[in-house]
$ cat protein.txt   # compact mmCIF, C-alpha atoms and all ligand atoms
# COMPACT_ATOMS: atom_id res chain seq x y z
CA SER A 1 69.51 51.40 -49.08
CA ALA A 2 71.61 48.26 -49.64
CA ALA A 3 73.18 48.64 -46.19
CA GLU A 4 69.77 48.73 -44.49
CA LYS A 5 68.93 45.53 -46.30
CA GLY A 6 72.03 43.88 -44.84
CA GLY A 7 73.29 42.83 -48.24
CA TYR A 8 69.99 41.29 -49.33
CA ASP A 9 68.13 42.47 -52.43
CA HIS A 10 64.92 42.96 -50.47
CA PHE A 11 63.90 43.59 -46.89
CA MET A 12 61.68 40.55 -47.20
CA LEU A 13 64.67 38.30 -47.85
CA LYS A 14 66.49 39.82 -44.91
CA GLU A 15 63.48 39.36 -42.67
CA ILE A 16 63.00 35.74 -43.76
CA ALA A 17 66.65 35.09 -42.91
CA GLU A 18 66.24 36.75 -39.50
CA GLN A 19 63.58 34.30 -38.40
CA PRO A 20 65.79 31.88 -36.45
CA ARG A 21 66.96 34.77 -34.28
CA ALA A 22 63.50 36.32 -34.06
CA VAL A 23 61.82 33.17 -32.73
CA ALA A 24 64.66 32.69 -30.22
CA ASP A 25 64.34 36.32 -29.07
CA THR A 26 60.62 35.93 -28.48
CA LEU A 27 61.38 33.13 -25.98
CA LEU A 28 64.16 35.06 -24.27
CA GLY A 29 63.62 35.84 -20.60
CA ARG A 30 60.28 34.08 -20.54
CA VAL A 31 61.40 30.68 -19.28
CA ASP A 32 62.63 30.11 -15.71
CA ALA A 33 65.37 27.75 -14.52
CA ASN A 34 62.80 24.94 -14.21
CA GLY A 35 61.64 25.31 -17.79
CA MET A 36 58.34 26.88 -16.73
CA LEU A 37 57.00 30.17 -18.07
CA THR A 38 57.40 33.54 -16.41
CA LEU A 39 55.35 36.00 -18.44
CA ASP A 40 55.61 38.96 -16.08
CA GLU A 41 54.36 41.30 -18.80
CA VAL A 42 51.01 39.57 -18.81
CA ARG A 43 49.73 41.85 -16.09
CA ILE A 44 46.40 40.16 -15.71
CA ALA A 45 46.14 38.63 -12.23
CA ALA A 46 46.42 34.84 -12.01
CA SER A 47 43.10 34.88 -10.13
CA VAL A 48 41.46 36.56 -13.14
CA LEU A 49 43.09 34.16 -15.62
CA ARG A 50 41.81 31.23 -13.57
CA GLU A 51 38.26 32.55 -13.90
CA VAL A 52 38.42 32.88 -17.70
CA ASP A 53 35.81 30.65 -19.34
CA LYS A 54 36.32 31.57 -22.98
CA VAL A 55 39.09 32.86 -25.22
CA VAL A 56 38.58 34.85 -28.42
CA VAL A 57 41.51 35.59 -30.72
CA VAL A 58 41.29 38.39 -33.29
CA GLY A 59 43.54 39.82 -35.97
CA CYS A 60 43.70 40.79 -39.65
CA GLY A 61 45.62 39.35 -42.58
CA THR A 62 48.62 37.34 -41.52
CA ALA A 63 47.90 38.03 -37.85
CA PHE A 64 44.52 36.35 -38.35
CA HIS A 65 46.30 33.22 -39.52
CA ALA A 66 48.34 33.27 -36.31
CA ALA A 67 45.04 33.62 -34.46
CA MET A 68 43.72 30.51 -36.21
CA VAL A 69 46.73 28.53 -35.04
CA ALA A 70 46.27 29.93 -31.52
CA LYS A 71 42.85 28.30 -31.32
CA TYR A 72 44.38 24.82 -31.53
CA ALA A 73 47.00 25.66 -28.92
CA VAL A 74 44.54 27.28 -26.49
CA GLU A 75 42.08 24.41 -26.72
CA HIS A 76 44.85 21.85 -26.34
CA TRP A 77 46.60 23.33 -23.33
CA THR A 78 43.72 25.04 -21.52
CA GLY A 79 40.63 23.00 -22.36
CA LEU A 80 38.82 26.34 -22.77
CA PRO A 81 36.53 27.06 -25.69
CA CYS A 82 38.37 29.30 -28.10
CA GLU A 83 37.06 31.24 -31.08
CA THR A 84 39.03 32.92 -33.78
CA GLU A 85 37.55 35.88 -35.53
CA LEU A 86 38.56 38.36 -38.19
CA ALA A 87 38.88 41.66 -36.34
CA SER A 88 36.90 43.37 -39.10
CA GLU A 89 33.90 41.09 -38.53
CA PHE A 90 34.00 40.89 -34.77
CA ARG A 91 32.11 43.94 -33.61
CA TYR A 92 29.50 43.75 -36.33
CA ARG A 93 28.21 40.49 -34.92
CA ASP A 94 26.83 40.32 -31.42
CA PRO A 95 29.84 38.59 -29.89
CA ILE A 96 29.08 37.02 -26.51
CA LEU A 97 31.61 38.56 -24.16
CA ASP A 98 31.79 39.28 -20.47
CA GLY A 99 34.26 39.69 -17.63
CA ARG A 100 35.29 36.06 -17.94
CA THR A 101 36.25 36.33 -21.61
CA LEU A 102 39.89 36.75 -22.54
CA VAL A 103 40.35 38.42 -25.90
CA ILE A 104 43.76 38.10 -27.54
CA ALA A 105 44.40 40.78 -30.17
CA ILE A 106 47.29 40.04 -32.53
CA SER A 107 48.94 42.83 -34.51
CA GLN A 108 52.44 43.35 -35.80
CA SER A 109 52.09 47.13 -36.09
CA GLY A 110 49.75 47.68 -33.17
CA GLU A 111 47.95 50.25 -35.34
CA THR A 112 45.50 48.23 -37.44
CA MET A 113 42.18 50.03 -37.10
CA ASP A 114 39.97 46.94 -37.41
CA THR A 115 41.86 45.19 -34.62
CA LEU A 116 41.81 48.31 -32.46
CA MET A 117 38.04 48.67 -32.88
CA ALA A 118 37.55 45.00 -32.03
CA LEU A 119 39.50 45.30 -28.81
CA ARG A 120 37.68 48.48 -27.81
CA HIS A 121 34.41 46.69 -28.37
CA ALA A 122 35.60 43.74 -26.27
CA ARG A 123 36.68 45.97 -23.39
CA GLU A 124 33.36 47.81 -23.47
CA GLN A 125 31.69 44.46 -22.77
CA GLY A 126 34.01 43.92 -19.80
CA ALA A 127 36.33 41.40 -21.45
CA LYS A 128 40.04 41.42 -20.62
CA VAL A 129 42.27 42.07 -23.63
CA LEU A 130 45.79 40.76 -24.07
CA ALA A 131 47.68 42.14 -27.06
CA ILE A 132 50.35 40.22 -28.94
CA CYS A 133 52.27 42.94 -30.71
CA ASN A 134 55.63 43.69 -32.32
CA THR A 135 55.70 47.47 -31.92
CA ASN A 136 56.52 48.92 -28.52
CA GLY A 137 54.13 51.55 -27.27
CA SER A 138 51.78 51.37 -30.24
CA THR A 139 48.06 51.98 -29.88
CA ILE A 140 46.80 48.39 -29.54
CA PRO A 141 49.03 47.49 -26.59
CA ARG A 142 48.36 50.89 -24.97
CA GLU A 143 44.63 50.23 -25.05
CA SER A 144 44.89 46.61 -23.89
CA ASP A 145 44.93 45.24 -20.34
CA ALA A 146 48.29 43.62 -21.01
CA VAL A 147 50.72 42.96 -23.83
CA LEU A 148 53.12 40.23 -24.76
CA TYR A 149 55.61 41.70 -27.21
CA THR A 150 56.99 39.65 -30.02
CA HIS A 151 60.68 40.40 -30.42
CA ALA A 152 60.93 40.16 -34.19
CA GLY A 153 62.60 43.55 -34.53
CA PRO A 154 61.34 46.09 -37.08
CA GLU A 155 59.59 44.50 -40.06
CA VAL A 156 59.83 46.68 -43.17
CA ALA A 157 58.56 44.50 -46.03
CA VAL A 158 54.80 44.82 -46.41
CA ALA A 159 54.28 41.05 -46.49
CA SER A 160 54.74 39.77 -42.96
CA THR A 161 57.28 36.99 -42.32
CA LYS A 162 59.28 37.13 -39.11
CA ALA A 163 56.46 38.91 -37.32
CA PHE A 164 54.18 35.96 -38.16
CA LEU A 165 56.58 33.36 -36.81
CA THR A 166 57.05 35.30 -33.59
CA GLN A 167 53.27 35.78 -33.30
CA LEU A 168 52.97 32.00 -33.42
CA VAL A 169 55.59 31.64 -30.68
CA ALA A 170 53.75 34.22 -28.57
CA CYS A 171 50.45 32.39 -29.09
CA TYR A 172 51.99 29.12 -27.93
CA LEU A 173 53.46 30.90 -24.91
CA VAL A 174 50.13 32.45 -23.96
CA ALA A 175 48.28 29.14 -24.36
CA LEU A 176 50.90 27.31 -22.30
CA TYR A 177 50.96 30.05 -19.69
CA LEU A 178 47.19 29.92 -19.34
CA GLY A 179 47.48 26.15 -18.98
CA GLN A 180 50.23 26.54 -16.40
CA VAL A 181 48.34 29.14 -14.33
CA ARG A 182 45.05 27.26 -14.48
CA GLY A 183 46.60 23.86 -13.87
CA SER A 184 45.18 22.41 -17.09
CA ALA A 185 48.66 21.78 -18.52
CA ARG A 186 50.91 19.54 -16.44
CA GLY A 187 54.36 20.84 -15.51
CA ASP A 188 56.09 18.30 -17.73
CA GLU A 189 53.81 19.23 -20.65
CA VAL A 190 54.78 22.89 -20.28
CA ARG A 191 58.48 22.02 -19.98
CA ASP A 192 58.36 19.68 -22.97
CA ALA A 193 56.59 22.24 -25.14
CA VAL A 194 58.97 25.00 -24.07
CA GLY A 195 61.89 22.69 -24.86
CA GLU A 196 60.44 22.03 -28.30
CA LEU A 197 60.00 25.77 -28.86
CA ALA A 198 63.63 26.32 -27.92
CA GLY A 199 64.60 23.94 -30.71
CA ILE A 200 62.58 25.77 -33.36
CA SER A 201 65.21 28.39 -34.08
CA GLY A 202 67.59 25.65 -35.27
CA ALA A 203 64.80 23.92 -37.20
CA VAL A 204 63.97 27.14 -39.07
CA GLN A 205 67.65 27.57 -39.83
CA GLU A 206 67.70 24.04 -41.29
CA VAL A 207 64.72 24.83 -43.50
CA LEU A 208 66.36 28.03 -44.73
CA ALA A 209 69.49 26.12 -45.66
CA THR A 210 67.56 23.84 -48.04
CA MET A 211 65.49 26.38 -50.00
CA GLU A 212 67.25 26.38 -53.38
CA PRO A 213 64.93 23.73 -54.91
CA VAL A 214 61.93 25.76 -53.70
CA ARG A 215 63.28 28.87 -55.43
CA GLU A 216 63.87 26.87 -58.58
CA LEU A 217 60.33 25.54 -58.45
CA ALA A 218 58.96 29.06 -57.94
CA ARG A 219 60.78 30.31 -61.02
CA SER A 220 59.40 27.42 -63.05
CA LEU A 221 55.84 28.40 -62.06
CA ALA A 222 56.16 32.09 -62.88
CA ASP A 223 53.76 31.90 -65.83
CA ARG A 224 50.99 29.99 -64.01
CA ASN A 225 47.65 31.62 -63.20
CA THR A 226 46.59 29.68 -60.13
CA VAL A 227 48.19 27.90 -57.21
CA LEU A 228 46.14 25.97 -54.65
CA PHE A 229 47.20 25.25 -51.07
CA LEU A 230 45.81 22.48 -48.88
CA GLY A 231 46.27 21.79 -45.20
CA ARG A 232 44.50 20.35 -42.21
CA HIS A 233 44.51 21.09 -38.50
CA VAL A 234 47.17 23.79 -37.95
CA GLY A 235 48.27 23.15 -41.53
CA TYR A 236 45.04 24.79 -42.67
CA PRO A 237 46.01 28.31 -41.53
CA VAL A 238 49.45 27.64 -43.02
CA ALA A 239 47.77 26.91 -46.36
CA LEU A 240 45.83 30.18 -46.05
CA GLU A 241 49.03 32.03 -45.25
CA GLY A 242 50.83 30.47 -48.23
CA ALA A 243 48.00 31.59 -50.50
CA LEU A 244 47.89 35.08 -49.00
CA LYS A 245 51.63 35.52 -49.54
CA LEU A 246 51.23 34.57 -53.21
CA LYS A 247 48.36 37.02 -53.71
CA GLU A 248 50.23 39.81 -51.94
CA LEU A 249 53.55 39.32 -53.67
CA ALA A 250 53.03 37.50 -56.96
CA TYR A 251 49.54 38.90 -57.75
CA MET A 252 48.46 35.39 -58.60
CA HIS A 253 45.19 33.70 -57.93
CA ALA A 254 45.92 31.53 -54.94
CA GLU A 255 43.57 29.83 -52.54
CA GLY A 256 44.06 27.91 -49.35
CA PHE A 257 41.66 25.15 -48.42
CA ALA A 258 41.10 22.80 -45.55
CA ALA A 259 42.08 19.54 -47.23
CA GLY A 260 38.93 17.85 -45.93
CA GLU A 261 36.86 20.28 -47.98
CA LEU A 262 38.50 19.25 -51.23
CA LYS A 263 35.66 16.99 -52.31
CA HIS A 264 33.09 19.66 -51.44
CA GLY A 265 34.18 21.95 -54.26
CA PRO A 266 37.82 22.88 -54.59
CA ILE A 267 38.79 19.69 -56.42
CA ALA A 268 36.78 20.98 -59.38
CA LEU A 269 39.48 23.65 -59.81
CA VAL A 270 42.21 21.10 -60.47
CA GLU A 271 43.28 20.92 -64.11
CA ASP A 272 46.17 19.33 -65.84
CA GLY A 273 49.29 20.91 -64.40
CA THR A 274 47.61 22.97 -61.65
CA PRO A 275 50.19 23.41 -58.88
CA VAL A 276 48.79 22.17 -55.57
CA VAL A 277 50.86 22.75 -52.46
CA VAL A 278 50.01 20.36 -49.62
CA VAL A 279 51.07 20.82 -46.00
CA VAL A 280 51.27 17.34 -44.48
CA PRO A 281 50.82 16.80 -40.72
CA PRO A 282 53.35 14.67 -38.83
CA ALA A 283 52.74 10.97 -39.44
CA ARG A 284 53.68 9.77 -35.94
CA GLU A 285 51.43 12.05 -33.91
CA GLN A 286 48.54 12.37 -36.36
CA ALA A 287 48.38 9.01 -38.07
CA VAL A 288 44.71 9.23 -39.09
CA LEU A 289 44.90 12.81 -40.29
CA HIS A 290 48.15 12.07 -42.07
CA GLY A 291 46.54 9.20 -43.96
CA LYS A 292 43.68 11.44 -45.05
CA VAL A 293 46.02 14.13 -46.34
CA VAL A 294 48.04 11.52 -48.24
CA SER A 295 44.76 10.42 -49.89
CA ASN A 296 44.06 14.06 -50.79
CA ILE A 297 47.43 14.29 -52.50
CA GLN A 298 46.60 11.17 -54.50
CA GLU A 299 43.17 12.57 -55.40
CA VAL A 300 44.45 15.85 -56.80
CA ARG A 301 47.32 14.12 -58.57
CA ALA A 302 44.93 11.69 -60.25
CA ARG A 303 43.25 14.79 -61.74
CA GLY A 304 46.47 16.14 -63.14
CA ALA A 305 47.75 18.36 -60.33
CA ARG A 306 51.46 19.03 -60.03
CA THR A 307 51.91 18.32 -56.33
CA VAL A 308 54.26 20.23 -54.08
CA VAL A 309 54.37 18.31 -50.81
CA ILE A 310 55.68 19.80 -47.58
CA ALA A 311 56.31 16.93 -45.19
CA GLU A 312 58.52 16.13 -42.25
CA GLU A 313 61.77 14.22 -42.54
CA GLY A 314 61.24 10.49 -42.50
CA ASP A 315 57.72 10.65 -43.96
CA GLU A 316 58.11 8.11 -46.77
CA GLU A 317 54.40 7.61 -47.46
CA VAL A 318 54.14 10.88 -49.37
CA VAL A 319 57.10 10.19 -51.63
CA PRO A 320 55.27 8.35 -54.46
CA TYR A 321 52.75 11.20 -54.86
CA ALA A 322 55.05 14.20 -54.59
CA ASP A 323 56.13 15.83 -57.84
CA HIS A 324 58.13 18.15 -55.62
CA LEU A 325 59.00 17.25 -52.06
CA VAL A 326 59.97 19.85 -49.49
CA ARG A 327 61.33 18.44 -46.24
CA VAL A 328 60.92 20.12 -42.87
CA PRO A 329 62.41 18.98 -39.55
CA ARG A 330 60.23 16.94 -37.23
CA THR A 331 58.23 18.96 -34.74
CA PRO A 332 55.14 18.27 -32.64
CA THR A 333 51.97 18.84 -34.70
CA LEU A 334 50.97 22.04 -32.93
CA LEU A 335 54.33 23.68 -33.59
CA GLN A 336 54.64 22.56 -37.21
CA PRO A 337 53.47 25.92 -38.68
CA LEU A 338 56.77 27.41 -37.46
CA VAL A 339 58.64 25.30 -40.00
CA THR A 340 56.08 24.69 -42.77
CA THR A 341 55.39 28.41 -43.29
CA VAL A 342 59.00 29.18 -44.18
CA PRO A 343 59.12 27.43 -47.59
CA LEU A 344 55.87 29.18 -48.52
CA GLN A 345 57.42 32.58 -47.78
CA VAL A 346 60.47 31.77 -49.87
CA PHE A 347 58.25 30.42 -52.65
CA ALA A 348 56.13 33.58 -52.82
CA CYS A 349 59.12 35.90 -52.62
CA GLU A 350 60.92 34.12 -55.46
CA LEU A 351 57.79 33.96 -57.61
CA ALA A 352 57.24 37.68 -57.16
CA THR A 353 60.84 38.32 -58.20
CA ALA A 354 60.51 36.05 -61.23
CA ARG A 355 57.39 37.97 -62.26
CA GLY A 356 59.22 41.27 -61.92
CA ASN A 357 57.14 42.50 -58.99
CA GLU A 358 58.15 44.89 -56.27
CA VAL A 359 58.78 42.47 -53.40
CA ASP A 360 58.88 44.88 -50.47
CA GLN A 361 56.14 47.22 -51.67
CA PRO A 362 53.44 45.22 -53.44
CA ARG A 363 50.90 47.24 -55.39
CA ASN A 364 47.78 48.42 -53.58
CA LEU A 365 48.93 47.23 -50.16
CA ALA A 366 50.07 49.03 -47.03
CA LYS A 367 52.17 47.71 -44.18
CA SER A 368 49.67 48.91 -41.68
CA VAL A 369 46.02 49.67 -42.43
CA THR A 370 44.91 52.47 -40.15
CA VAL A 371 41.48 52.95 -41.64
CA GLU A 372 38.49 50.64 -41.26
C1 LIG B 401 48.23 44.64 -43.61
C2 LIG B 401 49.58 44.03 -43.95
C3 LIG B 401 49.58 42.56 -43.58
C4 LIG B 401 49.23 42.37 -42.12
C5 LIG B 401 47.89 43.05 -41.78
C6 LIG B 401 47.68 43.12 -40.29
O1 LIG B 401 47.26 44.09 -44.44
O2 LIG B 401 49.84 44.19 -45.33
O3 LIG B 401 50.88 41.99 -43.81
O4 LIG B 401 49.15 41.02 -41.81
O5 LIG B 401 47.89 44.40 -42.24
O6 LIG B 401 48.65 43.97 -39.75
P1 LIG B 401 49.02 44.01 -38.23
O7 LIG B 401 50.04 45.12 -38.11
O8 LIG B 401 47.78 44.30 -37.44
O9 LIG B 401 49.60 42.69 -37.86

$ encode --input "protein.txt" --output "structure tokens" --more "lines below"
Ligand code: G6P
Amino acid sequence: SAAEKGGYDHFMLKEIAEQPRAVADTLLGRVDANGMLTLDEVRIAASVLREVDKVVVVGCGTAFHAAMVAKYAVEHWTGLPCETELASEFRYRDPILDGRTLVIAISQSGETMDTLMALRHAREQGAKVLAICNTNGSTIPRESDAVLYTHAGPEVAVASTKAFLTQLVACYLVALYLGQVRGSARGDEVRDAVGELAGISGAVQEVLATMEPVRELARSLADRNTVLFLGRHVGYPVALEGALKLKELAYMHAEGFAAGELKHGPIALVEDGTPVVVVVPPAREQAVLHGKVVSNIQEVRARGARTVVIAEEGDEEVVPYADHLVRVPRTPTLLQPLVTTVPLQVFACELATARGNEVDQPRNLAKSVTVE
């Protein structure tokens, strides 16, 4: 009903708007007076966490994209090797797991069969499993060694939005916590990162307040057949997520690519007028990477692409090559997906609406896939 949707036309719009609160809620009660983490729910002994020698992160769909981001965070703050795997592929390989492997299983619903089977397989090999989940008491957390709940609140729209952002926050928290417990992240690093995370709620709010041009752009692209998304580093999973949202909601052909792969194939897809959305890493922290992505924007534009550039405030280098420029607040590189994902959600939602699609209940999809 309209009341349930809080005055919005769709649950998805409501859930997009709830993101500032959702990311703040996921931090709540998890930071002590000194700005360090207290994840009491992670009931895996510190002695066990200190012995971990490998981390594997699994999930499906949007949760898999959160898992891809987690890899960067885990490697950065723990120095541990970290693999990311689609839950549906995991147990059909011969994954190398033992008592020193920590498997992180990400699932909004906690009921996705592929993810459940992956975690069962991991536990059979003696690995410890930590769930990141949004649904209290669901099957995945019940079968895991521990759970860190995301506090997004109920997500009704099939396409995941606020659950994704809170999964990202939870992944950063777990990576930082592992770093804190193992001593691989310095105290001031943890405090700084936690401080940055605390500022994300406001940053997401800022992004949401500037979305009208993105909606306008979406409407103008309603008759296109293809949209391409490029990103690097943690911007790569964001590109994949942007493309997934467009497939799910707008039923358009959309693909996300690692920008570095452009010349190895995807650039052949660019025709006159092809919309190409590019997620640009922060210039200050990632100068080399930034320069390469700016070159990629020039390359696709030289072949006729209509470029939609998502870049942080103050990044002037991208301006000459952006047909459409979407500004996001400055964040550290690792945290940037928390702000760059938001315009892509709004973009997909508006495109779906412009194409007359059912936003909350896309055809052929289910909120939670409980079969393999
Ligand atoms: C379905 C949903 C997606 C979701 C995926 C994983 O495909 O449509 O939005 O990302 O399942 O769901 P989970 O509940 O495990 O996060």

$ atom_distance --input "protein.txt" --atom1 "atom CA of Thr26 of chain A" --atom2 "atom CA of Val194 of chain A"
11.9 Å

$ residues_around --input "protein.txt" --residues "segment 271-277 of chain A" --least-positions-apart "5" --cutoff "7 Å" --atoms "all atoms listed in the file" --output "PDB file with C-alpha atoms, in the coordinates of the input"
ATOM      1  CA  THR A 226      46.590  29.680 -60.130  1.00  0.00           C
ATOM      2  CA  VAL A 227      48.190  27.900 -57.210  1.00  0.00           C
ATOM      3  CA  LEU A 228      46.140  25.970 -54.650  1.00  0.00           C
ATOM      4  CA  PHE A 229      47.200  25.250 -51.070  1.00  0.00           C
ATOM      5  CA  LEU A 230      45.810  22.480 -48.880  1.00  0.00           C
ATOM      6  CA  ARG A 303      43.250  14.790 -61.740  1.00  0.00           C
ATOM      7  CA  GLY A 304      46.470  16.140 -63.140  1.00  0.00           C
ATOM      8  CA  ALA A 305      47.750  18.360 -60.330  1.00  0.00           C
ATOM      9  CA  ARG A 306      51.460  19.030 -60.030  1.00  0.00           C
ATOM     10  CA  THR A 307      51.910  18.320 -56.330  1.00  0.00           C
ATOM     11  CA  VAL A 308      54.260  20.230 -54.080  1.00  0.00           C
ATOM     12  CA  VAL A 309      54.370  18.310 -50.810  1.00  0.00           C
TER      13      VAL A 309
END

$ closest_atom_pairs --input "protein.txt" --of "chain A" --to "ligand LIG 401 (chain B)" --cutoff "10 Å" --atoms "only C-alpha atoms and all ligand atoms" --output "JSON lines"
{"residue": "A:Val58", "atom": "CA", "partner": "B:LIG401", "partner_atom": "O8", "distance": 9.7}
{"residue": "A:Gly59", "atom": "CA", "partner": "B:LIG401", "partner_atom": "O8", "distance": 6.3}
{"residue": "A:Cys60", "atom": "CA", "partner": "B:LIG401", "partner_atom": "C6", "distance": 4.7}
{"residue": "A:Gly61", "atom": "CA", "partner": "B:LIG401", "partner_atom": "O4", "distance": 4.0}
{"residue": "A:Thr62", "atom": "CA", "partner": "B:LIG401", "partner_atom": "O4", "distance": 3.7}
{"residue": "A:Ala63", "atom": "CA", "partner": "B:LIG401", "partner_atom": "O9", "distance": 5.0}
{"residue": "A:Phe64", "atom": "CA", "partner": "B:LIG401", "partner_atom": "O4", "distance": 7.4}
{"residue": "A:His65", "atom": "CA", "partner": "B:LIG401", "partner_atom": "O4", "distance": 8.6}
{"residue": "A:Ala66", "atom": "CA", "partner": "B:LIG401", "partner_atom": "O4", "distance": 9.5}
{"residue": "A:Ala87", "atom": "CA", "partner": "B:LIG401", "partner_atom": "O8", "distance": 9.3}
{"residue": "A:Ala105", "atom": "CA", "partner": "B:LIG401", "partner_atom": "O8", "distance": 8.8}
{"residue": "A:Ile106", "atom": "CA", "partner": "B:LIG401", "partner_atom": "O9", "distance": 6.4}
{"residue": "A:Ser107", "atom": "CA", "partner": "B:LIG401", "partner_atom": "O9", "distance": 3.4}
{"residue": "A:Gln108", "atom": "CA", "partner": "B:LIG401", "partner_atom": "O9", "distance": 3.6}
{"residue": "A:Ser109", "atom": "CA", "partner": "B:LIG401", "partner_atom": "O7", "distance": 3.5}
{"residue": "A:Gly110", "atom": "CA", "partner": "B:LIG401", "partner_atom": "O7", "distance": 5.6}
{"residue": "A:Glu111", "atom": "CA", "partner": "B:LIG401", "partner_atom": "O7", "distance": 6.2}
{"residue": "A:Thr112", "atom": "CA", "partner": "B:LIG401", "partner_atom": "O8", "distance": 4.5}
{"residue": "A:Met113", "atom": "CA", "partner": "B:LIG401", "partner_atom": "O8", "distance": 8.0}
{"residue": "A:Asp114", "atom": "CA", "partner": "B:LIG401", "partner_atom": "O8", "distance": 8.2}
{"residue": "A:Thr115", "atom": "CA", "partner": "B:LIG401", "partner_atom": "O8", "distance": 6.6}
{"residue": "A:Leu116", "atom": "CA", "partner": "B:LIG401", "partner_atom": "O8", "distance": 8.7}
{"residue": "A:Ile132", "atom": "CA", "partner": "B:LIG401", "partner_atom": "O9", "distance": 9.3}
{"residue": "A:Cys133", "atom": "CA", "partner": "B:LIG401", "partner_atom": "O9", "distance": 7.6}
{"residue": "A:Asn134", "atom": "CA", "partner": "B:LIG401", "partner_atom": "O7", "distance": 8.2}
{"residue": "A:Thr135", "atom": "CA", "partner": "B:LIG401", "partner_atom": "O7", "distance": 8.7}
{"residue": "A:Ile140", "atom": "CA", "partner": "B:LIG401", "partner_atom": "O8", "distance": 8.9}
{"residue": "A:Glu155", "atom": "CA", "partner": "B:LIG401", "partner_atom": "O7", "distance": 9.8}
{"residue": "A:Ala157", "atom": "CA", "partner": "B:LIG401", "partner_atom": "O3", "distance": 8.4}
{"residue": "A:Val158", "atom": "CA", "partner": "B:LIG401", "partner_atom": "O2", "distance": 5.1}
{"residue": "A:Ala159", "atom": "CA", "partner": "B:LIG401", "partner_atom": "O3", "distance": 4.4}
{"residue": "A:Ser160", "atom": "CA", "partner": "B:LIG401", "partner_atom": "O3", "distance": 4.5}
{"residue": "A:Thr161", "atom": "CA", "partner": "B:LIG401", "partner_atom": "O3", "distance": 8.3}
{"residue": "A:Ala163", "atom": "CA", "partner": "B:LIG401", "partner_atom": "O9", "distance": 7.9}
{"residue": "A:Phe164", "atom": "CA", "partner": "B:LIG401", "partner_atom": "O4", "distance": 8.0}
{"residue": "A:Gln167", "atom": "CA", "partner": "B:LIG401", "partner_atom": "O9", "distance": 9.1}
{"residue": "A:Glu241", "atom": "CA", "partner": "B:LIG401", "partner_atom": "O4", "distance": 9.6}
{"residue": "A:Leu244", "atom": "CA", "partner": "B:LIG401", "partner_atom": "O3", "distance": 9.1}
{"residue": "A:Lys245", "atom": "CA", "partner": "B:LIG401", "partner_atom": "O3", "distance": 8.7}
{"residue": "A:Glu248", "atom": "CA", "partner": "B:LIG401", "partner_atom": "O2", "distance": 7.9}
{"residue": "A:Gln361", "atom": "CA", "partner": "B:LIG401", "partner_atom": "O2", "distance": 9.4}
{"residue": "A:Pro362", "atom": "CA", "partner": "B:LIG401", "partner_atom": "O2", "distance": 8.9}
{"residue": "A:Asn364", "atom": "CA", "partner": "B:LIG401", "partner_atom": "O2", "distance": 9.5}
{"residue": "A:Leu365", "atom": "CA", "partner": "B:LIG401", "partner_atom": "O2", "distance": 5.8}
{"residue": "A:Ala366", "atom": "CA", "partner": "B:LIG401", "partner_atom": "O2", "distance": 5.1}
{"residue": "A:Lys367", "atom": "CA", "partner": "B:LIG401", "partner_atom": "O2", "distance": 4.4}
{"residue": "A:Ser368", "atom": "CA", "partner": "B:LIG401", "partner_atom": "O5", "distance": 4.9}
{"residue": "A:Val369", "atom": "CA", "partner": "B:LIG401", "partner_atom": "O5", "distance": 5.6}
{"residue": "A:Thr370", "atom": "CA", "partner": "B:LIG401", "partner_atom": "O5", "distance": 8.9}

$ residues_around --input "protein.txt" --residues "segment 210-220 of chain A" --least-positions-apart "6" --cutoff "10 Å" --atoms "only C-alpha atoms" --output "number ranges by chain"
A: 308, 324-328, 342-344, 346-355

$ atom_distance --input "protein.txt" --atom1 "atom CA of Ala268 of chain A" --atom2 "atom CA of His253 of chain A"
15.3 Å

$ closest_residue --input "protein.txt" --among "A:Lys162, A:His151, A:Asp40, A:Val181" --to "Val52 of chain A" --atoms "only C-alpha atoms"
A:Val181

$ residues_around --input "protein.txt" --residues "Leu176 of chain A" --least-positions-apart "6" --cutoff "8 Å" --atoms "all atoms listed in the file" --output "list in words"
Leu37, Ala73, Val74, Trp77, Thr78, Ala185 and Val190 of chain A

$ atom_distance --input "protein.txt" --atom1 "atom CA of Glu89 of chain A" --atom2 "atom CA of Ala259 of chain A"
24.6 Å

$ residues_near_point --input "protein.txt" --point "(64.9, 36.5, -29.2)" --cutoff "12 Å" --atoms "all atoms listed in the file" --output "MDAnalysis selection string"
chainID A and resid 18:30 149:153 162:163 165:166 169:170 197:198 200:201

$ residues_near_point --input "protein.txt" --point "(40.7, 28.6, -35.0)" --cutoff "9 Å" --atoms "only C-alpha atoms" --output "ChimeraX atom specification"
/A:57,65,67-72,82-85,234,237

$ write_last_selection --input "protein.txt" --atoms "C-alpha atoms" --output "mmCIF file, in the frame of the given file"
data_model
loop_
_atom_site.group_PDB
_atom_site.id
_atom_site.type_symbol
_atom_site.label_atom_id
_atom_site.label_comp_id
_atom_site.auth_asym_id
_atom_site.auth_seq_id
_atom_site.Cartn_x
_atom_site.Cartn_y
_atom_site.Cartn_z
ATOM 1 C CA VAL A 57 41.510 35.590 -30.720
ATOM 2 C CA HIS A 65 46.300 33.220 -39.520
ATOM 3 C CA ALA A 67 45.040 33.620 -34.460
ATOM 4 C CA MET A 68 43.720 30.510 -36.210
ATOM 5 C CA VAL A 69 46.730 28.530 -35.040
ATOM 6 C CA ALA A 70 46.270 29.930 -31.520
ATOM 7 C CA LYS A 71 42.850 28.300 -31.320
ATOM 8 C CA TYR A 72 44.380 24.820 -31.530
ATOM 9 C CA CYS A 82 38.370 29.300 -28.100
ATOM 10 C CA GLU A 83 37.060 31.240 -31.080
ATOM 11 C CA THR A 84 39.030 32.920 -33.780
ATOM 12 C CA GLU A 85 37.550 35.880 -35.530
ATOM 13 C CA VAL A 234 47.170 23.790 -37.950
ATOM 14 C CA PRO A 237 46.010 28.310 -41.530
#
